[in-house]
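Data first, discussion second: the structure below is written as structure tokens.
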Amino acid sequence: MKALLIIDMLEDFIDKEGALTTGPSGEGIVDFIQEKIREFKGKDYPIIYICDNHEINDKEFEMFPTHCVRGTSGSKIIKALEPKEEDKIIRKRRYSSFFGTDLDLYLRENNINEIYLVGVCTNICVLYTAADARNLAYSVNVYKNGVASFDEDAHNFALKEMETTLGCNIMVNCKTKLDSARLN
Ligand code: ZN
């Protein structure tokens with residue numbers, strides 16, 4: 001079984017005024033992700049929203065400006081990608097979507113062994129989620145047009161690292177029809 005993981009598409013990362021905005025690169029993947037949501041839902045594959053959700057004095061704020069504090073508007077999923085009742089939401093406090101969360105348990109309980117990643121930032125939460133997923137022996141696919149970062153060099157490095165070191169499948173220039181074929 002396959003699932004779509006939408007990583008950190010939250011106000012603080014995507015909104016222009018967000019605390020840790022990725023700017024135009026983050027905004028630029030929203031339409032692509034909407035398409036993927038439609039495509040996965042069309043095949044009854046689960047959609048999993050991964051959401052940064054920090055404590056007020058989280059250790060991570062020693063490295064990054066305060067962002068995605070639980071209960072704040074900045075921690076909300078952007079309106080354009082609002083989840084539906086049936087979607088799974090997983091909150092995390094660290095880069096990896098697996099660290100301190102029930103993601104692995106949820107995937108196993110639902111017989112999901114192949115995950116498709118979109119979201120931000122390519123070189124941080126996407127990369128470390130991909131790394132943990134590969135360590136746990138999941139098949140990992142990353143939509144190149146569906147991930148973004150505030151740092152383009154780091155974005156490119158992370159894509160290469162995920163492909164060559166982690167053994168992820170980097171899906172390039174995916175058009176919906178081609179993807180549909182792949183997903184069958
Ligand atoms: Zn964070």
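In the structure tokens, chains take the letters A, B, ... in the order shown, each chain's residues start at 1, and ligands count up from 1 in the order shown.
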
Shell around Gly26 of chain A at 8 Å using only C-alpha atoms, local window under 5 positions removed, as a list in words: Phe13, Ile14, Thr21, Gly119, Val120, Val147, Ala148, Ser149 and Phe150 of chain A

Residues as selected, all heavy atoms, written as a PDB file, in the first residue's frame, can you do that?
```pdb
ATOM      1  N   PHE A  13       5.896  28.210   7.566  1.00  0.00           N
ATOM      2  CA  PHE A  13       6.873  27.866   6.522  1.00  0.00           C
ATOM      3  C   PHE A  13       6.449  28.360   5.137  1.00  0.00           C
ATOM      4  O   PHE A  13       7.295  28.579   4.260  1.00  0.00           O
ATOM      5  CB  PHE A  13       7.072  26.346   6.443  1.00  0.00           C
ATOM      6  CG  PHE A  13       7.748  25.750   7.645  1.00  0.00           C
ATOM      7  CD1 PHE A  13       7.118  24.770   8.403  1.00  0.00           C
ATOM      8  CD2 PHE A  13       9.013  26.162   8.024  1.00  0.00           C
ATOM      9  CE1 PHE A  13       7.732  24.215   9.507  1.00  0.00           C
ATOM     10  CE2 PHE A  13       9.643  25.615   9.134  1.00  0.00           C
ATOM     11  CZ  PHE A  13       8.995  24.638   9.880  1.00  0.00           C
ATOM     12  N   ILE A  14       5.150  28.498   4.914  1.00  0.00           N
ATOM     13  CA  ILE A  14       4.656  28.781   3.560  1.00  0.00           C
ATOM     14  C   ILE A  14       4.137  30.212   3.400  1.00  0.00           C
ATOM     15  O   ILE A  14       4.349  30.841   2.357  1.00  0.00           O
ATOM     16  CB  ILE A  14       3.549  27.774   3.157  1.00  0.00           C
ATOM     17  CG1 ILE A  14       4.048  26.325   3.328  1.00  0.00           C
ATOM     18  CG2 ILE A  14       3.097  28.013   1.719  1.00  0.00           C
ATOM     19  CD1 ILE A  14       5.302  25.962   2.535  1.00  0.00           C
ATOM     20  N   THR A  21       9.628  31.441   6.784  1.00  0.00           N
ATOM     21  CA  THR A  21       9.050  31.249   5.459  1.00  0.00           C
ATOM     22  C   THR A  21      10.085  30.746   4.442  1.00  0.00           C
ATOM     23  O   THR A  21      11.248  31.138   4.490  1.00  0.00           O
ATOM     24  CB  THR A  21       8.383  32.544   4.941  1.00  0.00           C
ATOM     25  OG1 THR A  21       7.751  32.261   3.694  1.00  0.00           O
ATOM     26  CG2 THR A  21       9.394  33.672   4.766  1.00  0.00           C
ATOM     27  N   GLY A 119       6.592  18.460   0.277  1.00  0.00           N
ATOM     28  CA  GLY A 119       6.605  19.436   1.362  1.00  0.00           C
ATOM     29  C   GLY A 119       7.933  20.151   1.524  1.00  0.00           C
ATOM     30  O   GLY A 119       8.760  20.178   0.616  1.00  0.00           O
ATOM     31  N   VAL A 120       8.108  20.715   2.715  1.00  0.00           N
ATOM     32  CA  VAL A 120       9.321  21.487   3.018  1.00  0.00           C
ATOM     33  C   VAL A 120       9.909  21.009   4.351  1.00  0.00           C
ATOM     34  O   VAL A 120       9.198  20.400   5.148  1.00  0.00           O
ATOM     35  CB  VAL A 120       8.997  22.999   3.105  1.00  0.00           C
ATOM     36  CG1 VAL A 120       8.528  23.532   1.766  1.00  0.00           C
ATOM     37  CG2 VAL A 120       7.958  23.301   4.185  1.00  0.00           C
ATOM     38  N   VAL A 147       8.734  19.296  -3.582  1.00  0.00           N
ATOM     39  CA  VAL A 147       9.508  19.650  -2.388  1.00  0.00           C
ATOM     40  C   VAL A 147      10.235  20.971  -2.624  1.00  0.00           C
ATOM     41  O   VAL A 147      10.531  21.326  -3.767  1.00  0.00           O
ATOM     42  CB  VAL A 147      10.526  18.547  -1.998  1.00  0.00           C
ATOM     43  CG1 VAL A 147       9.802  17.291  -1.524  1.00  0.00           C
ATOM     44  CG2 VAL A 147      11.475  18.199  -3.146  1.00  0.00           C
ATOM     45  N   ALA A 148      10.508  21.700  -1.559  1.00  0.00           N
ATOM     46  CA  ALA A 148      11.127  23.018  -1.697  1.00  0.00           C
ATOM     47  C   ALA A 148      11.914  23.371  -0.443  1.00  0.00           C
ATOM     48  O   ALA A 148      11.732  22.759   0.617  1.00  0.00           O
ATOM     49  CB  ALA A 148      10.051  24.080  -1.932  1.00  0.00           C
ATOM     50  N   SER A 149      12.790  24.370  -0.623  1.00  0.00           N
ATOM     51  CA  SER A 149      13.579  24.866   0.506  1.00  0.00           C
ATOM     52  C   SER A 149      13.864  26.350   0.312  1.00  0.00           C
ATOM     53  O   SER A 149      13.793  26.854  -0.800  1.00  0.00           O
ATOM     54  CB  SER A 149      14.903  24.102   0.605  1.00  0.00           C
ATOM     55  OG  SER A 149      15.697  24.632   1.642  1.00  0.00           O
ATOM     56  N   PHE A 150      14.230  27.015   1.400  1.00  0.00           N
ATOM     57  CA  PHE A 150      14.668  28.419   1.330  1.00  0.00           C
ATOM     58  C   PHE A 150      16.077  28.500   0.753  1.00  0.00           C
ATOM     59  O   PHE A 150      16.542  29.557   0.370  1.00  0.00           O
ATOM     60  CB  PHE A 150      14.630  29.064   2.723  1.00  0.00           C
ATOM     61  CG  PHE A 150      15.399  28.266   3.746  1.00  0.00           C
ATOM     62  CD1 PHE A 150      16.734  28.521   3.987  1.00  0.00           C
ATOM     63  CD2 PHE A 150      14.784  27.220   4.434  1.00  0.00           C
ATOM     64  CE1 PHE A 150      17.449  27.764   4.904  1.00  0.00           C
ATOM     65  CE2 PHE A 150      15.489  26.451   5.350  1.00  0.00           C
ATOM     66  CZ  PHE A 150      16.826  26.721   5.584  1.00  0.00           C
TER      67      PHE A 150
END
```

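If one restricts the calculation to only C-alpha atoms and all ligand atoms, the set of residues situated within 8 Å of ligand 1 consists of Asp52, Asn53, His54, Glu60, Phe61, Phe64, His67, Cys68, Arg93, Arg94 and Tyr95 of chain A.
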
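If you measure from each of A:Ile29, A:Ile56, A:Ala80, A:Cys121 to Glu152 of chain A using only C-alpha atoms, the closest one turns out to be A:Cys121.
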
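Of the listed residues (A:Ile78, A:Val142, A:Leu136, A:Leu4), A:Leu4 comes nearest to Lys41 of chain A; the distances count only C-alpha atoms.
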
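Candidate residues A:Asp31, A:Asp104, A:Glu114, A:Glu82 were compared for distance to Gly146 of chain A, and the nearest is A:Asp31, using only C-alpha atoms.
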
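Assigned to alpha helix (DSSP H) in segment 119-149 of chain A, given DSSP computed from backbone atoms, are Leu127, Tyr128, Thr129, Ala130, Ala131, Asp132, Ala133, Arg134 and Asn135 of chain A.
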
May I have the selected residues written with N, CA, C and O atoms, as an mmCIF file, in the first residue's frame?
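Below is the file selection_10.cif, written as the result:
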```cif
data_model
loop_
_atom_site.group_PDB
_atom_site.id
_atom_site.type_symbol
_atom_site.label_atom_id
_atom_site.label_comp_id
_atom_site.auth_asym_id
_atom_site.auth_seq_id
_atom_site.Cartn_x
_atom_site.Cartn_y
_atom_site.Cartn_z
ATOM 1 N N LEU A 127 14.458 15.451 4.109
ATOM 2 C CA LEU A 127 15.660 14.608 4.083
ATOM 3 C C LEU A 127 15.713 13.656 5.281
ATOM 4 O O LEU A 127 15.955 12.452 5.118
ATOM 5 N N TYR A 128 15.467 14.183 6.495
ATOM 6 C CA TYR A 128 15.621 13.323 7.681
ATOM 7 C C TYR A 128 14.455 12.346 7.841
ATOM 8 O O TYR A 128 14.623 11.261 8.418
ATOM 9 N N THR A 129 13.318 12.714 7.274
ATOM 10 C CA THR A 129 12.214 11.756 7.226
ATOM 11 C C THR A 129 12.557 10.628 6.255
ATOM 12 O O THR A 129 12.348 9.445 6.543
ATOM 13 N N ALA A 130 13.107 11.008 5.109
ATOM 14 C CA ALA A 130 13.504 10.006 4.117
ATOM 15 C C ALA A 130 14.561 9.070 4.703
ATOM 16 O O ALA A 130 14.510 7.849 4.507
ATOM 17 N N ALA A 131 15.507 9.630 5.446
ATOM 18 C CA ALA A 131 16.582 8.818 6.025
ATOM 19 C C ALA A 131 16.018 7.797 7.007
ATOM 20 O O ALA A 131 16.342 6.600 6.935
ATOM 21 N N ASP A 132 15.147 8.233 7.910
ATOM 22 C CA ASP A 132 14.566 7.294 8.876
ATOM 23 C C ASP A 132 13.682 6.262 8.183
ATOM 24 O O ASP A 132 13.671 5.094 8.568
ATOM 25 N N ALA A 133 12.955 6.700 7.168
ATOM 26 C CA ALA A 133 12.093 5.758 6.436
ATOM 27 C C ALA A 133 12.936 4.682 5.769
ATOM 28 O O ALA A 133 12.587 3.499 5.792
ATOM 29 N N ARG A 134 14.066 5.065 5.195
ATOM 30 C CA ARG A 134 14.940 4.089 4.551
ATOM 31 C C ARG A 134 15.569 3.166 5.588
ATOM 32 O O ARG A 134 15.686 1.964 5.363
ATOM 33 N N ASN A 135 15.948 3.725 6.752
ATOM 34 C CA ASN A 135 16.495 2.882 7.817
ATOM 35 C C ASN A 135 15.480 1.837 8.264
ATOM 36 O O ASN A 135 15.838 0.737 8.675
#
```

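Excluding Glu163 of chain A itself and same-chain residues fewer than 2 positions from it, the residues having an atom within 12 Å of it are Leu127, Ala130, Ala131, Arg134, Ser139, Val140, Asn141, Val142, Tyr143, Lys144, Asn156, Phe157, Ala158, Leu159, Lys160, Glu161, Thr165, Leu166, Gly167, Cys168, Asn169, Ile170, Met171 and Val172 of chain A, counting only C-alpha atoms.
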
Take the residues from that selection and write them out as a PDB file, in the first residue's frame, keeping C-alpha atoms.
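Okay, selection12.pdb is ready:
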```pdb
ATOM      1  CA  LEU A 127      15.660  14.608   4.083  1.00  0.00           C
ATOM      2  CA  ALA A 130      13.504  10.006   4.117  1.00  0.00           C
ATOM      3  CA  ALA A 131      16.582   8.818   6.025  1.00  0.00           C
ATOM      4  CA  ARG A 134      14.940   4.089   4.551  1.00  0.00           C
ATOM      5  CA  SER A 139      10.301   2.298  -0.151  1.00  0.00           C
ATOM      6  CA  VAL A 140      10.637   6.081  -0.472  1.00  0.00           C
ATOM      7  CA  ASN A 141       9.659   8.231  -3.445  1.00  0.00           C
ATOM      8  CA  VAL A 142      10.253  11.975  -3.518  1.00  0.00           C
ATOM      9  CA  TYR A 143       8.454  14.262  -5.972  1.00  0.00           C
ATOM     10  CA  LYS A 144      11.086  16.704  -7.143  1.00  0.00           C
ATOM     11  CA  ASN A 156      19.809  20.186  -4.659  1.00  0.00           C
ATOM     12  CA  PHE A 157      22.275  18.521  -2.295  1.00  0.00           C
ATOM     13  CA  ALA A 158      19.440  16.852  -0.395  1.00  0.00           C
ATOM     14  CA  LEU A 159      17.842  15.488  -3.573  1.00  0.00           C
ATOM     15  CA  LYS A 160      21.164  13.982  -4.586  1.00  0.00           C
ATOM     16  CA  GLU A 161      21.779  12.583  -1.105  1.00  0.00           C
ATOM     17  CA  THR A 165      23.002   7.561  -0.440  1.00  0.00           C
ATOM     18  CA  LEU A 166      19.528   6.691   0.806  1.00  0.00           C
ATOM     19  CA  GLY A 167      18.249   4.917  -2.288  1.00  0.00           C
ATOM     20  CA  CYS A 168      15.094   7.001  -2.661  1.00  0.00           C
ATOM     21  CA  ASN A 169      13.343   7.243  -5.989  1.00  0.00           C
ATOM     22  CA  ILE A 170      13.426  10.892  -7.074  1.00  0.00           C
ATOM     23  CA  MET A 171      10.461  11.458  -9.342  1.00  0.00           C
ATOM     24  CA  VAL A 172      11.252  14.153 -11.875  1.00  0.00           C
TER      25      VAL A 172
END
```

Nearest to Phe98 of chain A, chosen from A:Glu27, A:Cys51, A:Asn111, A:Thr122, with only C-alpha atoms counted in the distances: A:Cys51

Segment 83-85 of chain A surroundings by only C-alpha atoms, 12 Å radius, close-in-sequence under 3 positions cut, as a ChimeraX atom specification: /A:6,9-10,34,37-38,41,46-51,76-80,88-90

Write a file of the just-selected residues containing N, CA, C and O atoms, as a short mmCIF file (atom, residue, chain, number, x, y, z; two decimals), in the first residue's frame.
```cif
data_model
loop_
_atom_site.label_atom_id
_atom_site.label_comp_id
_atom_site.auth_asym_id
_atom_site.auth_seq_id
_atom_site.Cartn_x
_atom_site.Cartn_y
_atom_site.Cartn_z
N ILE A 6 2.61 14.65 3.42
CA ILE A 6 2.71 16.09 3.16
C ILE A 6 3.40 16.72 4.36
O ILE A 6 2.83 16.80 5.46
N MET A 9 3.61 21.69 5.49
CA MET A 9 3.00 22.75 4.67
C MET A 9 2.15 23.64 5.59
O MET A 9 0.93 23.67 5.54
N LEU A 10 2.85 24.34 6.48
CA LEU A 10 2.25 25.09 7.57
C LEU A 10 2.46 26.59 7.36
O LEU A 10 3.40 27.00 6.66
N GLN A 34 -1.68 19.87 -4.34
CA GLN A 34 -3.14 19.71 -4.50
C GLN A 34 -3.46 18.62 -5.51
O GLN A 34 -4.34 17.79 -5.31
N ILE A 37 -2.80 15.23 -4.01
CA ILE A 37 -3.85 14.85 -3.06
C ILE A 37 -5.03 14.26 -3.83
O ILE A 37 -5.55 13.19 -3.48
N ARG A 38 -5.43 14.94 -4.90
CA ARG A 38 -6.56 14.44 -5.71
C ARG A 38 -6.25 13.05 -6.26
O ARG A 38 -7.07 12.14 -6.23
N LYS A 41 -6.15 10.38 -3.40
CA LYS A 41 -7.52 10.14 -2.89
C LYS A 41 -8.33 9.37 -3.92
O LYS A 41 -9.14 8.51 -3.56
N PRO A 46 -4.02 6.61 1.52
CA PRO A 46 -4.08 7.58 2.63
C PRO A 46 -3.22 8.81 2.39
O PRO A 46 -2.16 8.75 1.75
N ILE A 47 -3.69 9.93 2.96
CA ILE A 47 -2.94 11.19 2.97
C ILE A 47 -2.53 11.42 4.42
O ILE A 47 -3.37 11.40 5.31
N ILE A 48 -1.23 11.61 4.63
CA ILE A 48 -0.74 11.84 5.99
C ILE A 48 -0.09 13.22 6.06
O ILE A 48 0.86 13.49 5.32
N TYR A 49 -0.63 14.06 6.91
CA TYR A 49 -0.06 15.39 7.11
C TYR A 49 0.92 15.33 8.27
O TYR A 49 0.55 14.93 9.38
N ILE A 50 2.15 15.73 8.01
CA ILE A 50 3.16 15.79 9.06
C ILE A 50 3.33 17.26 9.44
O ILE A 50 3.58 18.10 8.57
N CYS A 51 3.19 17.54 10.73
CA CYS A 51 3.15 18.94 11.15
C CYS A 51 4.14 19.24 12.27
O CYS A 51 4.03 18.69 13.37
N LYS A 76 -0.53 26.05 11.87
CA LYS A 76 -1.66 25.46 11.13
C LYS A 76 -1.29 25.08 9.71
O LYS A 76 -0.48 25.75 9.06
N ILE A 77 -1.91 24.03 9.23
CA ILE A 77 -1.77 23.63 7.82
C ILE A 77 -2.37 24.75 6.97
O ILE A 77 -3.42 25.29 7.31
N ILE A 78 -1.69 25.10 5.86
CA ILE A 78 -2.20 26.21 5.04
C ILE A 78 -3.59 25.87 4.49
O ILE A 78 -3.89 24.71 4.20
N LYS A 79 -4.39 26.94 4.34
CA LYS A 79 -5.79 26.79 3.89
C LYS A 79 -5.91 25.99 2.59
O LYS A 79 -6.80 25.15 2.44
N ALA A 80 -5.00 26.26 1.65
CA ALA A 80 -5.09 25.63 0.33
C ALA A 80 -4.95 24.11 0.38
O ALA A 80 -5.30 23.42 -0.57
N LYS A 88 -4.91 11.63 8.00
CA LYS A 88 -4.18 11.42 9.26
C LYS A 88 -3.27 12.63 9.50
O LYS A 88 -2.59 13.09 8.58
N ILE A 89 -3.27 13.11 10.73
CA ILE A 89 -2.38 14.23 11.08
C ILE A 89 -1.41 13.76 12.16
O ILE A 89 -1.83 13.19 13.17
N ILE A 90 -0.13 13.98 11.91
CA ILE A 90 0.89 13.58 12.88
C ILE A 90 1.73 14.81 13.24
O ILE A 90 2.26 15.49 12.35
#
```

Residue nearest Ile112 of chain A - candidates A:Tyr45, A:Glu39, A:Ile124, A:Asn173, atoms counted: only C-alpha atoms: A:Tyr45

Shortest interatomic distance to Leu5 of chain A - which of A:Ile33, A:Ser75, A:Asn57, A:Thr22, counting only C-alpha atoms: A:Ile33

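Atom to atom, atom CA of Asp58 of chain A and atom CA of Thr101 of chain A stand 16.1 Å apart.
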
Segment 60-183 of chain A: residues DSSP assigns to strand (DSSP E), reported as a ChimeraX atom specification: /A:88-92,114-120,139-148,169-171
